[in-house]
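Enquirer: As input, take structure_23.cif (mmCIF, C-alpha atoms):
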data_target
loop_
_atom_site.group_PDB
_atom_site.id
_atom_site.type_symbol
_atom_site.label_atom_id
_atom_site.label_comp_id
_atom_site.auth_asym_id
_atom_site.auth_seq_id
_atom_site.Cartn_x
_atom_site.Cartn_y
_atom_site.Cartn_z
ATOM 1 C CA MET A 1 -20.947 70.390 86.081
ATOM 2 C CA ALA A 2 -21.453 70.354 82.336
ATOM 3 C CA ALA A 3 -25.088 71.309 82.803
ATOM 4 C CA LEU A 4 -24.405 74.643 84.420
ATOM 5 C CA GLY A 5 -26.205 76.526 81.704
ATOM 6 C CA GLY A 6 -29.027 74.048 81.238
ATOM 7 C CA ASP A 7 -32.049 72.815 83.158
ATOM 8 C CA GLY A 8 -30.043 71.189 85.946
ATOM 9 C CA LEU A 9 -28.823 74.446 87.430
ATOM 10 C CA ARG A 10 -30.681 77.703 87.305
ATOM 11 C CA LEU A 11 -30.242 81.030 88.978
ATOM 12 C CA LEU A 12 -33.336 82.189 90.788
ATOM 13 C CA SER A 13 -34.243 85.760 89.930
ATOM 14 C CA VAL A 14 -33.527 87.547 93.179
ATOM 15 C CA SER A 15 -31.146 90.045 91.644
ATOM 16 C CA ARG A 16 -31.140 93.796 91.986
ATOM 17 C CA PRO A 17 -33.066 95.564 89.209
ATOM 18 C CA GLU A 18 -29.893 96.991 87.754
ATOM 19 C CA ARG A 19 -28.249 93.582 87.698
ATOM 20 C CA GLN A 20 -31.297 92.073 86.000
ATOM 21 C CA SER A 21 -31.018 94.548 83.174
ATOM 22 C CA GLU A 22 -27.326 93.794 82.973
ATOM 23 C CA SER A 23 -28.088 90.084 82.619
ATOM 24 C CA THR A 24 -30.558 90.866 79.831
ATOM 25 C CA SER A 25 -27.927 92.869 77.996
ATOM 26 C CA LEU A 26 -25.624 89.846 78.171
ATOM 27 C CA GLY A 27 -27.977 87.946 75.915
ATOM 28 C CA GLY A 28 -29.332 85.564 78.558
ATOM 29 C CA ARG A 29 -25.924 84.505 79.827
ATOM 30 C CA GLY A 30 -26.399 86.174 83.224
ATOM 31 C CA PRO A 31 -27.881 83.149 85.036
ATOM 32 C CA GLU A 32 -25.232 80.831 83.591
ATOM 33 C CA LEU A 33 -22.470 83.214 84.651
ATOM 34 C CA CYS A 34 -23.856 83.479 88.173
ATOM 35 C CA CYS A 35 -23.997 79.706 88.501
ATOM 36 C CA TRP A 36 -20.357 79.501 87.491
ATOM 37 C CA VAL A 37 -19.555 82.164 90.093
ATOM 38 C CA SER A 38 -21.337 80.065 92.743
ATOM 39 C CA VAL A 39 -19.500 76.860 91.846
ATOM 40 C CA PHE A 40 -16.136 78.614 91.545
ATOM 41 C CA SER A 41 -16.661 80.308 94.926
ATOM 42 C CA CYS A 42 -17.404 76.965 96.592
ATOM 43 C CA LEU A 43 -14.424 75.333 94.923
ATOM 44 C CA SER A 44 -12.183 78.206 96.039
ATOM 45 C CA LEU A 45 -13.393 77.848 99.626
ATOM 46 C CA ALA A 46 -12.742 74.102 99.618
ATOM 47 C CA CYS A 47 -9.236 74.529 98.162
ATOM 48 C CA SER A 48 -8.427 77.339 100.600
ATOM 49 C CA TYR A 49 -9.556 75.251 103.560
ATOM 50 C CA VAL A 50 -7.513 72.203 102.569
ATOM 51 C CA GLY A 51 -4.570 74.328 101.423
ATOM 52 C CA SER A 52 -4.403 76.028 104.806
ATOM 53 C CA LEU A 53 -3.511 72.673 106.354
ATOM 54 C CA TYR A 54 -0.339 72.457 104.279
ATOM 55 C CA VAL A 55 1.118 75.947 104.522
ATOM 56 C CA TRP A 56 3.301 74.637 107.350
ATOM 57 C CA LYS A 57 6.164 72.405 106.229
ATOM 58 C CA SER A 58 6.811 69.632 108.714
ATOM 59 C CA GLU A 59 8.133 66.089 108.787
ATOM 60 C CA LEU A 60 5.883 65.259 111.730
ATOM 61 C CA PRO A 61 2.621 63.273 111.382
ATOM 62 C CA ARG A 62 -0.770 65.035 111.475
ATOM 63 C CA ASP A 63 -1.525 63.906 115.044
ATOM 64 C CA HIS A 64 1.573 65.510 116.534
ATOM 65 C CA PRO A 65 0.566 68.380 118.896
ATOM 66 C CA ALA A 66 2.886 70.852 117.138
ATOM 67 C CA VAL A 67 1.294 70.094 113.755
ATOM 68 C CA ILE A 68 -2.206 70.356 115.193
ATOM 69 C CA LYS A 69 -1.478 73.746 116.779
ATOM 70 C CA ARG A 70 -0.124 75.163 113.532
ATOM 71 C CA ARG A 71 -3.094 73.873 111.574
ATOM 72 C CA PHE A 72 -5.438 75.367 114.151
ATOM 73 C CA THR A 73 -3.991 78.765 113.327
ATOM 74 C CA SER A 74 -4.243 78.513 109.550
ATOM 75 C CA VAL A 75 -7.654 76.854 109.405
ATOM 76 C CA LEU A 76 -9.149 79.364 111.857
ATOM 77 C CA VAL A 77 -7.845 82.222 109.717
ATOM 78 C CA VAL A 78 -9.377 80.754 106.543
ATOM 79 C CA SER A 79 -12.666 79.978 108.294
ATOM 80 C CA SER A 80 -12.867 83.473 109.751
ATOM 81 C CA LEU A 81 -12.382 84.966 106.281
ATOM 82 C CA SER A 82 -14.819 82.581 104.556
ATOM 83 C CA PRO A 83 -17.873 84.870 105.077
ATOM 84 C CA LEU A 84 -16.064 87.435 102.921
ATOM 85 C CA CYS A 85 -16.321 84.957 100.058
ATOM 86 C CA VAL A 86 -20.105 84.881 100.500
ATOM 87 C CA LEU A 87 -20.140 88.675 100.625
ATOM 88 C CA LEU A 88 -18.111 88.877 97.398
ATOM 89 C CA TRP A 89 -20.389 86.292 95.770
ATOM 90 C CA ARG A 90 -23.425 88.401 96.701
ATOM 91 C CA GLU A 91 -21.885 91.479 95.115
ATOM 92 C CA LEU A 92 -20.821 89.661 91.942
ATOM 93 C CA THR A 93 -24.190 87.969 91.397
ATOM 94 C CA GLY A 94 -26.384 90.828 92.648
ATOM 95 C CA ILE A 95 -28.480 88.389 94.692
ATOM 96 C CA GLN A 96 -30.284 90.006 97.615
ATOM 97 C CA PRO A 97 -31.201 87.430 100.300
ATOM 98 C CA GLY A 98 -33.491 89.805 102.201
ATOM 99 C CA THR A 99 -31.690 89.141 105.472
ATOM 100 C CA SER A 100 -28.292 89.774 107.031
ATOM 101 C CA LEU A 101 -25.303 87.722 105.966
ATOM 102 C CA LEU A 102 -24.852 86.216 109.458
ATOM 103 C CA THR A 103 -28.506 85.189 109.621
ATOM 104 C CA LEU A 104 -28.228 83.565 106.196
ATOM 105 C CA MET A 105 -25.242 81.606 107.504
ATOM 106 C CA GLY A 106 -27.148 80.265 110.503
ATOM 107 C CA PHE A 107 -26.020 82.702 113.204
ATOM 108 C CA ARG A 108 -29.323 83.726 114.798
ATOM 109 C CA LEU A 109 -31.129 83.474 118.137
ATOM 110 C CA GLU A 110 -34.649 82.575 116.999
ATOM 111 C CA GLY A 111 -35.246 78.886 117.701
ATOM 112 C CA ILE A 112 -31.676 78.302 118.873
ATOM 113 C CA PHE A 113 -32.530 75.926 121.752
ATOM 114 C CA PRO A 114 -34.507 73.382 119.717
ATOM 115 C CA ALA A 115 -31.923 73.802 116.936
ATOM 116 C CA ALA A 116 -29.178 72.763 119.368
ATOM 117 C CA LEU A 117 -31.036 69.896 121.051
ATOM 118 C CA LEU A 118 -33.326 68.205 118.528
ATOM 119 C CA PRO A 119 -30.822 67.484 115.689
ATOM 120 C CA LEU A 120 -28.365 66.097 118.259
ATOM 121 C CA LEU A 121 -31.104 63.914 119.759
ATOM 122 C CA LEU A 122 -32.023 62.699 116.271
ATOM 123 C CA THR A 123 -28.404 61.782 115.552
ATOM 124 C CA MET A 124 -28.048 59.965 118.881
ATOM 125 C CA ILE A 125 -31.149 57.943 118.007
ATOM 126 C CA LEU A 126 -29.514 56.936 114.724
ATOM 127 C CA PHE A 127 -26.479 55.804 116.740
ATOM 128 C CA LEU A 128 -28.576 53.796 119.214
ATOM 129 C CA GLY A 129 -26.838 50.556 118.239
ATOM 130 C CA PRO A 130 -23.274 51.924 118.555
ATOM 131 C CA LEU A 131 -24.222 53.598 121.848
ATOM 132 C CA MET A 132 -25.502 50.264 123.180
ATOM 133 C CA GLN A 133 -22.296 48.628 121.959
ATOM 134 C CA LEU A 134 -20.210 51.258 123.724
ATOM 135 C CA SER A 135 -22.193 50.754 126.916
ATOM 136 C CA MET A 136 -21.840 46.956 126.790
ATOM 137 C CA ASP A 137 -18.084 47.139 126.249
ATOM 138 C CA CYS A 138 -17.499 49.831 128.891
ATOM 139 C CA PRO A 139 -16.111 48.357 132.155
ATOM 140 C CA CYS A 140 -17.869 50.961 134.326
ATOM 141 C CA ASP A 141 -21.581 51.298 135.028
ATOM 142 C CA LEU A 142 -23.749 54.263 134.086
ATOM 143 C CA ALA A 143 -23.335 56.100 137.402
ATOM 144 C CA ASP A 144 -19.535 55.855 137.296
ATOM 145 C CA GLY A 145 -19.531 56.916 133.657
ATOM 146 C CA LEU A 146 -21.566 60.025 134.420
ATOM 147 C CA LYS A 147 -19.205 60.924 137.259
ATOM 148 C CA VAL A 148 -16.260 60.730 134.887
ATOM 149 C CA VAL A 149 -18.053 62.786 132.205
ATOM 150 C CA LEU A 150 -19.114 65.513 134.649
ATOM 151 C CA ALA A 151 -15.836 65.685 136.561
ATOM 152 C CA PRO A 152 -13.991 69.019 136.025
ATOM 153 C CA ARG A 153 -10.694 67.120 135.800
ATOM 154 C CA SER A 154 -11.975 65.212 132.775
ATOM 155 C CA TRP A 155 -12.889 68.429 130.970
ATOM 156 C CA VAL A 156 -9.550 70.013 131.806
ATOM 157 C CA HIS A 157 -7.840 66.975 130.327
ATOM 158 C CA CYS A 158 -9.973 67.189 127.167
ATOM 159 C CA LEU A 159 -9.403 70.910 126.702
ATOM 160 C CA THR A 160 -5.646 70.421 126.908
ATOM 161 C CA ASP A 161 -5.648 67.480 124.499
ATOM 162 C CA MET A 162 -4.887 68.793 120.994
ATOM 163 C CA ARG A 163 -6.426 65.793 119.241
ATOM 164 C CA TRP A 164 -9.662 66.130 121.241
ATOM 165 C CA LEU A 165 -9.865 69.846 120.478
ATOM 166 C CA ARG A 166 -9.295 69.165 116.779
ATOM 167 C CA ASN A 167 -11.849 66.363 116.476
ATOM 168 C CA GLN A 168 -14.572 67.676 118.784
ATOM 169 C CA VAL A 169 -14.304 71.472 118.480
ATOM 170 C CA ILE A 170 -12.181 72.971 115.708
ATOM 171 C CA ALA A 171 -12.951 70.538 112.870
ATOM 172 C CA PRO A 172 -16.742 70.463 113.407
ATOM 173 C CA LEU A 173 -16.967 74.236 113.801
ATOM 174 C CA THR A 174 -14.762 75.225 110.872
ATOM 175 C CA GLU A 175 -15.941 72.520 108.471
ATOM 176 C CA GLU A 176 -19.617 73.247 109.059
ATOM 177 C CA LEU A 177 -18.968 76.977 108.759
ATOM 178 C CA VAL A 178 -17.138 76.650 105.451
ATOM 179 C CA PHE A 179 -18.874 73.683 103.824
ATOM 180 C CA ARG A 180 -22.428 74.317 105.001
ATOM 181 C CA ALA A 181 -22.976 77.872 106.257
ATOM 182 C CA CYS A 182 -20.980 79.477 103.438
ATOM 183 C CA MET A 183 -21.534 77.102 100.532
ATOM 184 C CA LEU A 184 -25.265 76.384 100.824
ATOM 185 C CA PRO A 185 -26.348 80.051 100.490
ATOM 186 C CA MET A 186 -24.237 80.295 97.342
ATOM 187 C CA LEU A 187 -25.415 77.021 95.792
ATOM 188 C CA ALA A 188 -29.122 77.173 96.680
ATOM 189 C CA PRO A 189 -30.078 80.105 94.374
ATOM 190 C CA CYS A 190 -28.417 78.279 91.515
ATOM 191 C CA THR A 191 -29.487 74.665 92.057
ATOM 192 C CA GLY A 192 -32.452 74.925 94.413
ATOM 193 C CA LEU A 193 -32.393 73.534 97.949
ATOM 194 C CA GLY A 194 -32.903 69.875 97.068
ATOM 195 C CA PRO A 195 -29.957 69.514 94.683
ATOM 196 C CA ALA A 196 -27.825 71.730 96.950
ATOM 197 C CA VAL A 197 -28.184 69.160 99.746
ATOM 198 C CA PHE A 198 -26.397 66.626 97.529
ATOM 199 C CA THR A 199 -24.071 68.992 95.655
ATOM 200 C CA CYS A 200 -22.564 70.689 98.701
ATOM 201 C CA PRO A 201 -21.269 67.412 100.272
ATOM 202 C CA LEU A 202 -19.237 66.663 97.138
ATOM 203 C CA PHE A 203 -16.920 69.558 98.011
ATOM 204 C CA PHE A 204 -16.822 68.259 101.590
ATOM 205 C CA GLY A 205 -16.021 64.698 100.517
ATOM 206 C CA VAL A 206 -13.329 65.703 98.026
ATOM 207 C CA ALA A 207 -11.742 67.937 100.674
ATOM 208 C CA HIS A 208 -11.011 64.816 102.741
ATOM 209 C CA PHE A 209 -8.882 63.286 99.971
ATOM 210 C CA HIS A 210 -5.942 65.229 101.354
ATOM 211 C CA HIS A 211 -5.477 62.423 103.905
ATOM 212 C CA ILE A 212 -4.071 60.350 101.016
ATOM 213 C CA ILE A 213 -1.056 62.655 100.894
ATOM 214 C CA GLU A 214 -0.044 61.976 104.484
ATOM 215 C CA GLN A 215 -0.806 58.269 104.331
ATOM 216 C CA LEU A 216 1.415 57.882 101.252
ATOM 217 C CA ARG A 217 4.046 60.139 102.758
ATOM 218 C CA PHE A 218 4.373 58.117 105.953
ATOM 219 C CA ARG A 219 3.787 54.739 104.246
ATOM 220 C CA GLN A 220 0.935 53.919 106.615
ATOM 221 C CA SER A 221 -0.390 51.166 104.342
ATOM 222 C CA SER A 222 -0.213 49.797 100.811
ATOM 223 C CA VAL A 223 -1.151 52.119 97.962
ATOM 224 C CA GLY A 224 -4.235 50.079 97.111
ATOM 225 C CA SER A 225 -5.465 50.083 100.713
ATOM 226 C CA ILE A 226 -4.896 53.822 101.005
ATOM 227 C CA PHE A 227 -6.973 54.628 97.910
ATOM 228 C CA LEU A 228 -9.683 52.148 98.914
ATOM 229 C CA SER A 229 -9.847 53.789 102.336
ATOM 230 C CA ALA A 230 -10.016 57.224 100.705
ATOM 231 C CA ALA A 231 -12.912 56.140 98.471
ATOM 232 C CA PHE A 232 -14.769 54.786 101.500
ATOM 233 C CA GLN A 233 -14.084 57.965 103.463
ATOM 234 C CA PHE A 234 -15.345 60.072 100.559
ATOM 235 C CA SER A 235 -18.562 58.048 100.479
ATOM 236 C CA TYR A 236 -19.476 58.362 104.139
ATOM 237 C CA THR A 237 -18.323 61.991 104.458
ATOM 238 C CA ALA A 238 -20.502 62.844 101.446
ATOM 239 C CA VAL A 239 -23.500 61.081 103.034
ATOM 240 C CA PHE A 240 -22.835 62.794 106.359
ATOM 241 C CA GLY A 241 -22.431 66.130 104.570
ATOM 242 C CA ALA A 242 -25.827 65.674 102.924
ATOM 243 C CA TYR A 243 -27.359 64.993 106.344
ATOM 244 C CA THR A 244 -25.892 68.097 107.979
ATOM 245 C CA ALA A 245 -26.811 70.177 104.908
ATOM 246 C CA PHE A 246 -30.386 68.927 105.343
ATOM 247 C CA LEU A 247 -30.258 69.911 109.042
ATOM 248 C CA PHE A 248 -28.866 73.345 108.194
ATOM 249 C CA ILE A 249 -31.654 74.059 105.708
ATOM 250 C CA ARG A 250 -34.471 72.658 107.841
ATOM 251 C CA THR A 251 -33.406 74.418 111.063
ATOM 252 C CA GLY A 252 -31.784 77.562 109.661
ATOM 253 C CA HIS A 253 -29.059 77.230 112.292
ATOM 254 C CA LEU A 254 -25.390 76.301 112.254
ATOM 255 C CA ILE A 255 -25.274 75.015 115.836
ATOM 256 C CA GLY A 256 -27.174 71.786 115.123
ATOM 257 C CA PRO A 257 -24.842 70.564 112.343
ATOM 258 C CA VAL A 258 -21.788 71.506 114.454
ATOM 259 C CA LEU A 259 -22.978 69.507 117.477
ATOM 260 C CA CYS A 260 -23.951 66.522 115.319
ATOM 261 C CA HIS A 261 -20.573 66.673 113.580
ATOM 262 C CA SER A 262 -18.775 66.675 116.927
ATOM 263 C CA PHE A 263 -20.848 63.748 118.180
ATOM 264 C CA CYS A 264 -20.201 61.706 115.027
ATOM 265 C CA ASN A 265 -16.475 62.431 115.238
ATOM 266 C CA TYR A 266 -16.536 61.054 118.778
ATOM 267 C CA MET A 267 -18.500 57.942 117.843
ATOM 268 C CA GLY A 268 -16.678 57.197 114.603
ATOM 269 C CA PHE A 269 -18.087 54.926 111.913
ATOM 270 C CA PRO A 270 -20.363 52.237 113.435
ATOM 271 C CA ALA A 271 -18.448 49.014 114.106
ATOM 272 C CA VAL A 272 -20.979 46.776 112.364
ATOM 273 C CA CYS A 273 -18.537 43.882 111.909
ATOM 274 C CA ALA A 274 -17.704 43.902 115.614
ATOM 275 C CA ALA A 275 -21.433 43.955 116.393
ATOM 276 C CA LEU A 276 -21.953 40.832 114.278
ATOM 277 C CA GLU A 277 -19.334 38.993 116.348
ATOM 278 C CA HIS A 278 -20.374 40.436 119.723
ATOM 279 C CA PRO A 279 -21.396 37.987 122.503
ATOM 280 C CA GLN A 280 -24.693 39.889 122.815
ATOM 281 C CA ARG A 281 -25.210 40.063 119.079
ATOM 282 C CA ARG A 282 -28.998 39.760 118.969
ATOM 283 C CA PRO A 283 -29.965 42.650 121.277
ATOM 284 C CA LEU A 284 -27.174 44.727 119.764
ATOM 285 C CA LEU A 285 -28.364 44.205 116.188
ATOM 286 C CA ALA A 286 -31.906 44.906 117.353
ATOM 287 C CA GLY A 287 -30.607 48.210 118.734
ATOM 288 C CA TYR A 288 -28.994 49.016 115.382
ATOM 289 C CA ALA A 289 -32.246 48.282 113.534
ATOM 290 C CA LEU A 290 -34.380 50.162 116.064
ATOM 291 C CA GLY A 291 -32.101 53.205 115.866
ATOM 292 C CA VAL A 292 -32.302 53.365 112.072
ATOM 293 C CA GLY A 293 -36.073 52.826 112.129
ATOM 294 C CA LEU A 294 -36.712 55.526 114.724
ATOM 295 C CA PHE A 295 -34.370 57.894 112.892
ATOM 296 C CA LEU A 296 -36.323 57.538 109.650
ATOM 297 C CA LEU A 297 -39.606 57.888 111.532
ATOM 298 C CA LEU A 298 -38.543 61.024 113.427
ATOM 299 C CA LEU A 299 -36.449 62.710 110.739
ATOM 300 C CA GLN A 300 -39.249 64.921 109.425
ATOM 301 C CA PRO A 301 -41.014 65.706 112.759
ATOM 302 C CA LEU A 302 -37.828 66.672 114.618
ATOM 303 C CA THR A 303 -36.664 68.886 111.757
ATOM 304 C CA ASP A 304 -40.039 70.529 111.169
ATOM 305 C CA PRO A 305 -39.263 74.171 110.231
ATOM 306 C CA LYS A 306 -42.150 75.319 112.450
ATOM 307 C CA LEU A 307 -39.979 74.477 115.464
ATOM 308 C CA TYR A 308 -37.202 76.845 114.403
ATOM 309 C CA GLY A 309 -38.890 79.994 113.126
ATOM 310 C CA SER A 310 -38.283 81.643 109.782
ATOM 311 C CA LEU A 311 -35.692 79.816 107.673
ATOM 312 C CA PRO A 312 -33.249 82.196 105.919
ATOM 313 C CA LEU A 313 -32.547 79.981 102.890
ATOM 314 C CA CYS A 314 -36.257 79.372 102.383
ATOM 315 C CA VAL A 315 -36.903 83.119 102.582
ATOM 316 C CA LEU A 316 -34.204 83.603 99.959
ATOM 317 C CA LEU A 317 -35.912 81.209 97.570
ATOM 318 C CA GLU A 318 -39.425 82.414 98.378
ATOM 319 C CA ARG A 319 -38.385 85.894 97.230
ATOM 320 C CA ALA A 320 -37.687 84.250 93.898
ATOM 321 C CA GLY A 321 -41.025 82.417 93.828
ATOM 322 C CA ASP A 322 -39.426 79.011 94.507
ATOM 323 C CA SER A 323 -40.541 77.849 97.947
ATOM 324 C CA GLU A 324 -39.082 74.295 97.770
ATOM 325 C CA ALA A 325 -42.102 73.023 99.724
ATOM 326 C CA LEU A 326 -40.562 69.655 100.606
ATOM 327 C CA LEU A 327 -37.701 71.214 102.583
ATOM 328 C CA CYS A 328 -39.297 74.449 103.742
ATOM 329 C CA SER A 329 -42.509 73.078 105.225
#
Please lay out the structure from this file as structure tokens.

Expert:
Amino acid sequence: MAALGGDGLRLLSVSRPERQSESTSLGGRGPELCCWVSVFSCLSLACSYVGSLYVWKSELPRDHPAVIKRRFTSVLVVSSLSPLCVLLWRELTGIQPGTSLLTLMGFRLEGIFPAALLPLLLTMILFLGPLMQLSMDCPCDLADGLKVVLAPRSWVHCLTDMRWLRNQVIAPLTEELVFRACMLPMLAPCTGLGPAVFTCPLFFGVAHFHHIIEQLRFRQSSVGSIFLSAAFQFSYTAVFGAYTAFLFIRTGHLIGPVLCHSFCNYMGFPAVCAALEHPQRRPLLAGYALGVGLFLLLLQPLTDPKLYGSLPLCVLLERAGDSEALLCS
């Protein structure tokens, strides 16, 4: 962050005329100040989100239904108020996105169906190997599995399971809202879209370090193992955050990242070690390789902005004369 005033971060000139003159009167410090406002706003959002999980004092573990219900309340309040942070940022920086705040945050109808389906399909292709592994290890056949998935009783059970609601609904929705829909519009005018894809996930990854507190508190493992696990979790959450940030920019919708987040929470991290020791190791590893290959091949075509209509973040940067052609076309 030491380069906030240098070439690494720059504020695109999409300010109101009166704010531009104000920046000039500050002796050229306006862009630097606005970049600090952007970073501070994102940091405040991340701290507020994580802090909301600990406003309730309890001796119970995080997976206890009572703890989950309380955290639902606090995290939903913070997430609901997070757009106000973007609104305040807009007023402080004078940046005019040329579209409504909700549209900028990915709440729009244009292109919503491909935005919901294609990113999820792309993510399922990436997880082809784990999906094959899940199918091989499942005792029931495909027809029985579909019956279970489509049965109303199964959905009633899921919707009354606090852990399922947290992992598949509340966490994906609130985390993508705060860490993508709110942070990317604030970071992009300062860093550009490309660097924002990799800067935004750092807040997301650091926000997951709070799990260390509970693991140390309940002595779930040795101190070394806990910190090693936290470092690993930071790495893959940062990579995943970059992927969903890329999806958010390329589709201009929030729904795609939310659905992909929910799917990945369900699948978990691919069990590569188990795949190496699986009785059907060869076809399984071929599935892993095929999934990664197809994902890389289809990443650009399935996220082509032409499929999703006008992209709000790209419009924001185009108004400043910075079209970021690689991500916006």

Enquirer: Kindly indicate which residue among A:Gly309, A:Pro130, A:Pro114, A:Pro97 lies nearest to His278 in chain A, using only C-alpha atoms for the distances.

Expert: A:Pro130

Enquirer: List the spatial neighbours of range 78-82 of chain A as JSON, numbers by chain - criterion: any atom at most 12 Å away, only C-alpha atoms, same-chain residues fewer than 5 positions off excluded.

Expert: {"A": [41, 42, 44, 45, 46, 47, 48, 49, 50, 51, 52, 53, 55, 71, 72, 73, 87, 88, 89, 101, 102, 105, 170, 171, 172, 173, 174, 175, 176, 177, 178, 179, 180, 181, 182, 183]}

Enquirer: Do you know which residues lie at most 9 Å from (-26.5, 57.3, 111.5), with coordinates as in the file and all atoms listed in the file counted, and could you write them as a list in words?

Expert: Thr123, Met124, Ile125, Leu126, Phe127, Leu128, Phe240, Cys264, Phe269, Pro270, Gly291, Val292 and Phe295 of chain A

Enquirer: Going by the chain IDs and residue numbers used in this file, which residues fall under the PyMOL selection byres ((chain A and resi 163) around 8)? Write them as a VMD selection string.

Expert: chain A and resid 63 65 68 161 to 162 164 to 167

Enquirer: Check what the PyMOL selection byres ((chain A and resi 252-257) around 6) selects in the file above and give those residues as number ranges by chain.

Expert: A: 106, 115-116, 119, 244, 248-251, 258-261, 311

Enquirer: Using the chain letters and numbers from the file, give me the residues hit by the PyMOL selection byres ((chain A and resi 202) around 10), as a list of chain:residue names.

Expert: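 Applied to this file, the PyMOL selection byres ((chain A and resi 202) around 10) selects A:Phe179, A:Ala196, A:Val197, A:Phe198, A:Thr199, A:Cys200, A:Pro201, A:Phe203, A:Phe204, A:Gly205, A:Val206, A:Ala207, A:Phe234, A:Ser235, A:Thr237, A:Ala238, A:Val239, A:Gly241, A:Ala242.
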